[in-house]
>>> print(open('data39.cif').read())   # mmCIF, C-alpha atoms
data_run
#
loop_
_atom_site.label_atom_id
_atom_site.label_comp_id
_atom_site.auth_asym_id
_atom_site.auth_seq_id
_atom_site.Cartn_x
_atom_site.Cartn_y
_atom_site.Cartn_z
CA MET A 1 57.88 -61.30 1.15
CA GLN A 2 58.67 -61.89 4.81
CA ALA A 3 59.97 -59.04 6.98
CA LYS A 4 62.86 -61.17 8.17
CA TYR A 5 64.34 -60.94 4.68
CA ILE A 6 64.57 -57.14 4.95
CA ASN A 7 66.65 -56.84 8.12
CA PRO A 8 69.86 -58.25 6.57
CA PHE A 9 69.76 -55.48 3.94
CA VAL A 10 69.21 -52.78 6.59
CA LYS A 11 72.09 -54.13 8.66
CA ALA A 12 74.44 -54.43 5.65
CA THR A 13 73.64 -50.90 4.45
CA VAL A 14 74.11 -49.24 7.85
CA ALA A 15 77.43 -51.05 8.37
CA LEU A 16 78.66 -50.19 4.88
CA PHE A 17 77.96 -46.48 5.21
CA GLN A 18 79.17 -46.10 8.77
CA ASP A 19 82.26 -48.30 8.70
CA PHE A 20 83.45 -47.94 5.12
CA VAL A 21 82.06 -44.82 3.50
CA GLY A 22 82.26 -42.85 6.74
CA VAL A 23 78.73 -41.46 6.77
CA ASP A 24 76.13 -41.94 9.49
CA VAL A 25 72.83 -43.13 8.10
CA THR A 26 69.43 -43.59 9.67
CA ALA A 27 67.10 -46.28 8.40
CA GLY A 28 63.41 -45.41 8.13
CA LYS A 29 60.50 -47.82 8.26
CA PRO A 30 60.41 -50.18 5.27
CA TYR A 31 57.29 -49.90 3.12
CA LEU A 32 55.73 -51.54 0.11
CA ARG A 33 56.75 -49.60 -2.99
CA LYS A 34 53.52 -49.26 -4.96
CA ASP A 35 55.31 -48.09 -8.08
CA PRO A 36 58.55 -50.12 -8.25
CA ASN A 37 59.93 -47.72 -10.82
CA ASP A 38 59.47 -44.62 -8.68
CA LEU A 39 63.20 -44.41 -8.04
CA GLU A 40 65.88 -41.72 -7.95
CA GLU A 41 68.13 -40.71 -10.84
CA VAL A 42 70.96 -43.16 -10.20
CA SER A 43 70.24 -46.79 -9.37
CA GLY A 44 72.60 -49.72 -8.86
CA ILE A 45 71.00 -53.11 -9.45
CA ILE A 46 71.99 -56.62 -8.37
CA GLY A 47 70.05 -59.69 -9.45
CA LEU A 48 69.63 -62.53 -6.97
CA ALA A 49 69.40 -66.14 -8.15
CA GLY A 50 70.05 -69.62 -6.82
CA GLU A 51 67.55 -71.16 -4.38
CA THR A 52 65.42 -68.01 -4.52
CA VAL A 53 65.05 -65.17 -6.99
CA GLY A 54 64.97 -61.43 -6.59
CA ALA A 55 66.75 -58.12 -6.96
CA VAL A 56 68.29 -55.35 -4.88
CA VAL A 57 68.31 -51.75 -6.08
CA LEU A 58 70.24 -48.95 -4.38
CA SER A 59 68.81 -45.63 -5.55
CA PHE A 60 70.34 -42.17 -5.11
CA SER A 61 69.72 -38.70 -6.41
CA ARG A 62 72.50 -37.64 -8.79
CA GLU A 63 73.96 -35.29 -6.17
CA SER A 64 73.89 -37.88 -3.39
CA ALA A 65 75.58 -40.47 -5.61
CA ILE A 66 78.40 -38.04 -6.42
CA GLN A 67 78.87 -37.06 -2.77
CA VAL A 68 78.73 -40.59 -1.37
CA VAL A 69 81.23 -42.02 -3.87
CA SER A 70 83.49 -38.99 -3.33
CA ARG A 71 83.47 -39.72 0.39
CA MET A 72 84.00 -43.42 -0.16
CA GLU A 73 87.06 -42.87 -2.34
CA ARG A 74 88.32 -39.78 -0.44
CA HIS A 75 88.37 -38.03 -3.80
CA THR A 76 86.13 -35.19 -4.90
CA TYR A 77 84.00 -35.85 -7.96
CA GLN A 78 82.10 -32.93 -9.48
CA ALA A 79 79.84 -34.83 -11.86
CA LEU A 80 78.27 -38.21 -12.48
CA THR A 81 81.39 -39.74 -14.03
CA ASN A 82 82.05 -43.37 -14.91
CA ASP A 83 83.96 -43.63 -11.64
CA VAL A 84 80.91 -42.48 -9.65
CA ILE A 85 78.77 -45.02 -11.50
CA ASP A 86 81.38 -47.68 -10.78
CA GLY A 87 81.28 -46.71 -7.10
CA VAL A 88 77.49 -47.04 -6.92
CA GLY A 89 77.84 -50.51 -8.42
CA GLU A 90 80.35 -51.46 -5.77
CA LEU A 91 78.08 -50.16 -2.99
CA VAL A 92 75.11 -52.28 -4.07
CA ASN A 93 77.42 -55.24 -4.58
CA ILE A 94 78.62 -54.98 -0.98
CA ILE A 95 75.07 -54.60 0.36
CA ALA A 96 73.87 -57.71 -1.49
CA GLY A 97 76.97 -59.77 -0.70
CA ASN A 98 76.93 -58.86 2.99
CA ALA A 99 73.17 -59.43 3.36
CA LYS A 100 73.68 -63.02 2.22
CA LYS A 101 75.44 -63.76 5.49
CA ASP A 102 72.12 -63.43 7.35
CA LEU A 103 69.95 -64.91 4.63
CA ASN A 104 71.22 -68.36 5.39
CA GLU A 105 68.02 -70.30 4.72
CA PHE A 106 68.95 -70.63 1.09
CA ARG A 107 71.88 -70.30 -1.24
CA ILE A 108 71.88 -67.04 -3.19
CA ASP A 109 74.10 -66.15 -6.11
CA ILE A 110 74.45 -62.46 -6.86
CA SER A 111 74.90 -60.97 -10.31
CA LEU A 112 77.39 -58.36 -11.39
CA PRO A 113 75.97 -54.89 -10.69
CA GLY A 114 74.21 -52.90 -13.38
CA ILE A 115 73.62 -49.14 -13.19
CA VAL A 116 70.81 -47.10 -14.69
CA THR A 117 70.68 -43.31 -14.72
CA GLY A 118 68.21 -40.69 -15.85
CA SER A 119 64.84 -39.30 -14.99
CA SER A 120 62.76 -42.01 -16.62
CA TYR A 121 63.73 -45.64 -16.73
CA GLN A 122 62.11 -48.96 -15.99
CA ILE A 123 63.62 -51.79 -14.00
CA HIS A 124 62.35 -55.24 -14.87
CA TRP A 125 61.76 -56.50 -11.37
CA PRO A 126 61.05 -60.20 -10.86
CA GLU A 127 57.40 -60.71 -11.75
CA GLY A 128 54.81 -61.11 -9.01
CA ILE A 129 57.10 -60.34 -6.08
CA PRO A 130 56.50 -57.16 -4.07
CA VAL A 131 59.23 -54.55 -3.81
CA ILE A 132 60.01 -53.34 -0.29
CA ALA A 133 61.68 -49.93 -0.02
CA ILE A 134 63.98 -49.17 2.89
CA PRO A 135 64.44 -45.39 3.15
CA PHE A 136 67.68 -44.00 4.54
CA ASP A 137 68.61 -40.49 5.59
CA SER A 138 72.16 -39.14 5.69
CA GLU A 139 74.11 -35.89 5.57
CA TYR A 140 74.15 -36.38 1.80
CA GLY A 141 70.38 -36.62 1.55
CA HIS A 142 67.90 -39.45 1.22
CA PHE A 143 68.48 -42.70 -0.61
CA SER A 144 66.77 -46.06 -0.64
CA VAL A 145 67.55 -49.74 -0.78
CA ASN A 146 64.78 -51.64 -2.55
CA VAL A 147 64.46 -55.37 -2.15
CA SER A 148 62.35 -57.95 -3.95
CA LEU A 149 62.88 -61.54 -2.87
CA ARG A 150 60.71 -64.57 -3.43
CA ASP A 151 59.66 -66.44 -0.27
CA MET A 152 60.84 -70.01 -0.08
CA MET B 1 107.66 -58.07 -4.52
CA LYS B 2 104.90 -57.49 -7.03
CA ILE B 3 101.30 -57.27 -5.81
CA LEU B 4 98.47 -57.87 -8.25
CA VAL B 5 95.16 -56.15 -7.33
CA ILE B 6 92.27 -57.71 -9.24
CA ASP B 7 88.84 -56.06 -9.07
CA ASP B 8 86.43 -55.00 -11.78
CA SER B 9 85.71 -51.81 -9.81
CA GLY B 10 88.29 -49.11 -10.41
CA VAL B 11 87.15 -47.37 -7.24
CA MET B 12 87.92 -50.48 -5.17
CA ARG B 13 91.27 -51.02 -6.89
CA ARG B 14 92.26 -47.46 -6.00
CA ILE B 15 91.09 -47.85 -2.38
CA HIS B 16 93.19 -51.04 -2.01
CA LYS B 17 96.11 -49.42 -3.80
CA ASN B 18 95.99 -46.39 -1.51
CA THR B 19 96.11 -48.67 1.55
CA LEU B 20 99.26 -50.28 0.15
CA THR B 21 101.03 -47.07 -0.87
CA GLU B 22 100.22 -45.49 2.51
CA HIS B 23 102.32 -48.33 3.97
CA LYS B 24 105.34 -47.64 1.81
CA ILE B 25 104.58 -50.10 -0.95
CA LYS B 26 105.95 -48.58 -4.14
CA GLU B 27 103.42 -47.78 -6.84
CA ASN B 28 105.62 -49.62 -9.36
CA ASP B 29 105.18 -52.82 -7.36
CA ILE B 30 101.39 -52.71 -7.60
CA ILE B 31 99.78 -54.01 -10.76
CA GLU B 32 96.05 -53.79 -11.47
CA ALA B 33 93.78 -56.17 -13.38
CA VAL B 34 90.11 -55.63 -14.17
CA ASP B 35 89.12 -59.31 -14.17
CA GLY B 36 90.46 -62.83 -13.79
CA GLN B 37 91.33 -63.15 -17.43
CA GLU B 38 93.61 -60.12 -17.40
CA ALA B 39 95.06 -61.29 -14.08
CA LEU B 40 96.02 -64.65 -15.59
CA GLU B 41 97.69 -62.94 -18.53
CA ILE B 42 99.72 -60.74 -16.16
CA ALA B 43 100.51 -63.63 -13.80
CA THR B 44 101.95 -65.66 -16.67
CA LYS B 45 104.34 -62.88 -17.71
CA GLU B 46 105.29 -61.55 -14.26
CA ASP B 47 106.31 -63.11 -10.97
CA ILE B 48 103.62 -62.00 -8.56
CA GLY B 49 104.27 -62.31 -4.82
CA LEU B 50 100.76 -61.52 -3.58
CA PHE B 51 97.32 -61.55 -5.21
CA LEU B 52 94.33 -59.54 -3.92
CA ILE B 53 91.32 -61.06 -5.64
CA ASP B 54 87.71 -59.91 -5.89
CA TRP B 55 85.12 -62.65 -6.40
CA ASN B 56 82.41 -61.20 -8.66
CA MET B 57 84.01 -60.16 -11.93
CA PRO B 58 83.18 -60.59 -15.61
CA LYS B 59 84.95 -63.12 -17.88
CA VAL B 60 86.91 -65.10 -15.28
CA ASP B 61 85.63 -64.63 -11.71
CA GLY B 62 87.75 -64.76 -8.59
CA LEU B 63 86.97 -68.37 -7.73
CA LYS B 64 87.98 -69.58 -11.19
CA LEU B 65 91.08 -67.41 -11.00
CA VAL B 66 92.15 -68.99 -7.71
CA LYS B 67 91.76 -72.49 -9.19
CA ALA B 68 93.68 -71.48 -12.32
CA LEU B 69 96.52 -69.92 -10.34
CA ARG B 70 96.86 -72.93 -8.06
CA ALA B 71 97.29 -75.08 -11.17
CA ILE B 72 100.36 -73.03 -12.16
CA ASP B 73 103.48 -74.44 -10.48
CA LYS B 74 105.05 -71.10 -9.59
CA TYR B 75 101.86 -70.01 -7.74
CA ALA B 76 101.25 -73.24 -5.83
CA GLU B 77 102.25 -71.59 -2.53
CA THR B 78 101.77 -67.87 -3.32
CA PRO B 79 99.40 -65.98 -1.01
CA LEU B 80 96.04 -65.60 -2.76
CA ILE B 81 93.83 -63.28 -0.72
CA MET B 82 90.16 -63.10 -1.62
CA ILE B 83 88.70 -59.67 -0.80
CA THR B 84 85.01 -59.86 -1.56
CA SER B 85 81.56 -58.74 -0.48
CA GLU B 86 80.47 -62.42 -0.56
CA ALA B 87 79.91 -62.98 3.14
CA ALA B 88 77.99 -66.28 3.17
CA LYS B 89 79.64 -69.28 4.83
CA TYR B 90 79.25 -71.43 1.74
CA ASN B 91 81.21 -68.87 -0.27
CA VAL B 92 84.04 -68.93 2.25
CA MET B 93 84.10 -72.73 2.15
CA GLU B 94 84.21 -72.79 -1.64
CA ALA B 95 87.07 -70.32 -1.72
CA VAL B 96 89.05 -72.25 0.90
CA GLN B 97 88.55 -75.47 -1.04
CA ALA B 98 89.74 -73.70 -4.21
CA GLY B 99 92.96 -72.73 -2.45
CA VAL B 100 92.73 -69.19 -1.09
CA THR B 101 95.24 -68.32 1.61
CA ASN B 102 92.92 -65.89 3.39
CA TYR B 103 89.35 -64.67 2.94
CA ILE B 104 88.51 -61.06 3.74
CA VAL B 105 84.97 -59.72 3.57
CA LYS B 106 84.42 -56.22 2.16
CA PRO B 107 83.86 -53.54 3.18
CA ILE B 108 87.35 -53.14 4.55
CA ARG B 109 89.99 -50.46 4.15
CA GLY B 110 92.92 -48.69 5.76
CA GLU B 111 94.55 -50.10 8.88
CA THR B 112 92.07 -52.95 9.23
CA LEU B 113 92.94 -54.19 5.75
CA TRP B 114 96.66 -53.57 6.20
CA ASN B 115 96.70 -55.59 9.45
CA LYS B 116 95.38 -58.57 7.51
CA LEU B 117 97.75 -58.15 4.55
CA SER B 118 101.03 -57.06 6.10
CA LYS B 119 102.13 -60.57 7.09
CA TYR B 120 102.14 -61.58 3.43
CA ILE B 121 104.21 -58.61 2.28
CA ASP B 122 108.02 -58.45 2.21
CA THR B 123 108.99 -54.81 2.48
#
>>> encode(input="data39.cif", output="structure tokens")
Amino acid sequence: MQAKYINPFVKATVALFQDFVGVDVTAGKPYLRKDPNDLEEVSGIIGLAGETVGAVVLSFSRESAIQVVSRMERHTYQALTNDVIDGVGELVNIIAGNAKKDLNEFRIDISLPGIVTGSSYQIHWPEGIPVIAIPFDSEYGHFSVNVSLRDM
Amino acid sequence: MKILVIDDSGVMRRIHKNTLTEHKIKENDIIEAVDGQEALEIATKEDIGLFLIDWNMPKVDGLKLVKALRAIDKYAETPLIMITSEAAKYNVMEAVQAGVTNYIVKPIRGETLWNKLSKYIDT
């Protein structure tokens, strides 16, 4: 997977958190995720189809997910409610939809978001395509955006 | 004037709704729908003056909803505002061809959103 496919997701994530959620985030150096299922407790997933194939997964700790969605909605959630899960889905949806703007070599259709929670789950990533993790740091802790996209 | 907010995310519906109520739109004038299918059911029964439409939704998505609304005589000229994360140029073109009045890319909220919507709202 080419590095140029990663930058649109970094840019979309930074803009989303700073301009919409209201949280400053710092992007770390992207790296190859050796175990694609080594994710946090709450993950929002978007499938990518069309002229390429892939997936985007936004992964938070339970606490970070609650705090970020609380900040986004300007409403305090105390637990991982359906609304918090809904909010995580919306966040990954915006990241994927916004990244498309700079991935203009091919047409991409994005799926509806799915959310998985828990300490042990498996995501069925597209086969044979590496997963690149982009780590982020924020006042609400670490989170990651994980991208797998087939080269065209 | 009734405003129909259509988004499968309850969080986003509330964020849009808060922007409207913060600008003196009465809560009773804001109706919510979770997808295009529910929006069409509401639009048939009510007279909606402004639609805020997400794109990616189950059952009937925003693009299909725009086409369906434009085929209904009473909504031929009604402002249909797409508010979506879909930022690619080809998405914008498709939506314009389907008949949207304006295309707004999420994330957007507060004053920035209101500045784009206020011209369509009779208060």
>>> closest_atom_pairs(input="data39.cif", of="chain A", to="chain B", cutoff="8 Å", atoms="all atoms listed in the file", output="CSV")
residue,atom,partner,partner_atom,distance
A:Leu16,CA,B:Pro107,CA,6.4
A:Asp19,CA,B:Pro107,CA,7.8
A:Phe20,CA,B:Pro107,CA,5.9
A:Glu73,CA,B:Ile15,CA,6.4
A:Asp83,CA,B:Val11,CA,6.6
A:Asp86,CA,B:Ser9,CA,6.1
A:Gly87,CA,B:Val11,CA,5.9
A:Glu90,CA,B:Ser9,CA,6.7
A:Asn93,CA,B:Ser85,CA,6.8
A:Ile94,CA,B:Ser85,CA,4.8
A:Ile95,CA,B:Ser85,CA,7.7
A:Ala96,CA,B:Ser85,CA,7.8
A:Gly97,CA,B:Glu86,CA,4.4
A:Asn98,CA,B:Ala87,CA,5.1
A:Ala99,CA,B:Ala87,CA,7.6
A:Lys100,CA,B:Ala88,CA,5.5
A:Lys101,CA,B:Ala88,CA,4.3
A:Asp102,CA,B:Ala88,CA,7.7
A:Asn104,CA,B:Ala88,CA,7.4
A:Ser111,CA,B:Asn56,CA,7.7
A:Leu112,CA,B:Asn56,CA,6.4
>>> residues_around(input="data39.cif", residues="Lys64 of chain B", least_positions_apart="6", cutoff="9 Å", atoms="all atoms listed in the file", output="MDAnalysis selection string")
chainID B and resid 36 55 98
>>> residues_around(input="data39.cif", residues="Trp125 of chain A", least_positions_apart="5", cutoff="12 Å", atoms="only C-alpha atoms", output="PyMOL selection string")
chain A and resi 33+35-37+45-48+53-57+130-132+146-150
>>> residues_around(input="data39.cif", residues="segment 21-31 of chain B", least_positions_apart="4", cutoff="8 Å", atoms="only C-alpha atoms", output="ChimeraX atom specification")
/B:1-5,17,123
>>> resolve_selection(input="data39.cif", expression="the PyMOL selection byres ((chain A and resi 144) around 10)", output="count of residues only")
23
>>> residues_near_point(input="data39.cif", point="(101.8, -62.9, -3.8)", cutoff="10 Å", atoms="only C-alpha atoms", output="PDB file with C-alpha atoms, in the coordinates of the input")
ATOM      1  CA  MET B   1     107.660 -58.070  -4.520  1.00  0.00           C
ATOM      2  CA  LYS B   2     104.900 -57.490  -7.030  1.00  0.00           C
ATOM      3  CA  ILE B   3     101.300 -57.270  -5.810  1.00  0.00           C
ATOM      4  CA  LEU B   4      98.470 -57.870  -8.250  1.00  0.00           C
ATOM      5  CA  ASP B  47     106.310 -63.110 -10.970  1.00  0.00           C
ATOM      6  CA  ILE B  48     103.620 -62.000  -8.560  1.00  0.00           C
ATOM      7  CA  GLY B  49     104.270 -62.310  -4.820  1.00  0.00           C
ATOM      8  CA  LEU B  50     100.760 -61.520  -3.580  1.00  0.00           C
ATOM      9  CA  PHE B  51      97.320 -61.550  -5.210  1.00  0.00           C
ATOM     10  CA  LEU B  52      94.330 -59.540  -3.920  1.00  0.00           C
ATOM     11  CA  TYR B  75     101.860 -70.010  -7.740  1.00  0.00           C
ATOM     12  CA  GLU B  77     102.250 -71.590  -2.530  1.00  0.00           C
ATOM     13  CA  THR B  78     101.770 -67.870  -3.320  1.00  0.00           C
ATOM     14  CA  PRO B  79      99.400 -65.980  -1.010  1.00  0.00           C
ATOM     15  CA  LEU B  80      96.040 -65.600  -2.760  1.00  0.00           C
ATOM     16  CA  ILE B  81      93.830 -63.280  -0.720  1.00  0.00           C
ATOM     17  CA  TYR B 120     102.140 -61.580   3.430  1.00  0.00           C
ATOM     18  CA  ILE B 121     104.210 -58.610   2.280  1.00  0.00           C
ATOM     19  CA  ASP B 122     108.020 -58.450   2.210  1.00  0.00           C
TER      20      ASP B 122
END
>>> closest_residue(input="data39.cif", among="B:Asn115, B:Leu40, B:Arg13, B:Ile6", to="Ala71 of chain B", atoms="all atoms listed in the file")
B:Leu40
>>> resolve_selection(input="data39.cif", expression="the PyMOL selection byres ((chain A and resi 138) around 8)", output="list of chain:residue names")
A:Val23, A:Asp24, A:Val25, A:Thr26, A:Phe136, A:Asp137, A:Glu139, A:Tyr140, A:Gly141, A:His142
>>> closest_residue(input="data39.cif", among="B:Leu63, B:Ile83, B:Val92, B:Ala76", to="Ile104 of chain B", atoms="only C-alpha atoms")
B:Ile83
>>> atom_distance(input="data39.cif", atom1="atom CA of Glu51 of chain A", atom2="atom CA of Gln97 of chain B")
21.7 Å
>>> atom_distance(input="data39.cif", atom1="atom CA of Val88 of chain A", atom2="atom CA of Ile129 of chain A")
24.4 Å
>>> closest_residue(input="data39.cif", among="A:His124, A:Lys4, A:Lys29, A:Arg62", to="Thr81 of chain A", atoms="all atoms listed in the file")
A:Arg62
>>> atom_distance(input="data39.cif", atom1="atom CA of Asp54 of chain B", atom2="atom CA of Asp35 of chain B")
8.4 Å
>>> axis_aligned_box(input="data39.cif", around="segment 70-78 of chain A", padding_each_side="4 Å", output="JSON")
{"center_x": 85.2, "center_y": -38.2, "center_z": -4.5, "size_x": 14.3, "size_y": 18.5, "size_z": 17.9}
>>> closest_residue(input="data39.cif", among="B:Glu32, B:Asp7, B:Glu46, B:Asp61", to="Ala95 of chain B", atoms="only C-alpha atoms")
B:Asp61
>>> closest_residue(input="data39.cif", among="A:Gly128, A:Ala15, A:Ser119, A:Gly22", to="Arg74 of chain A", atoms="all atoms listed in the file")
A:Gly22
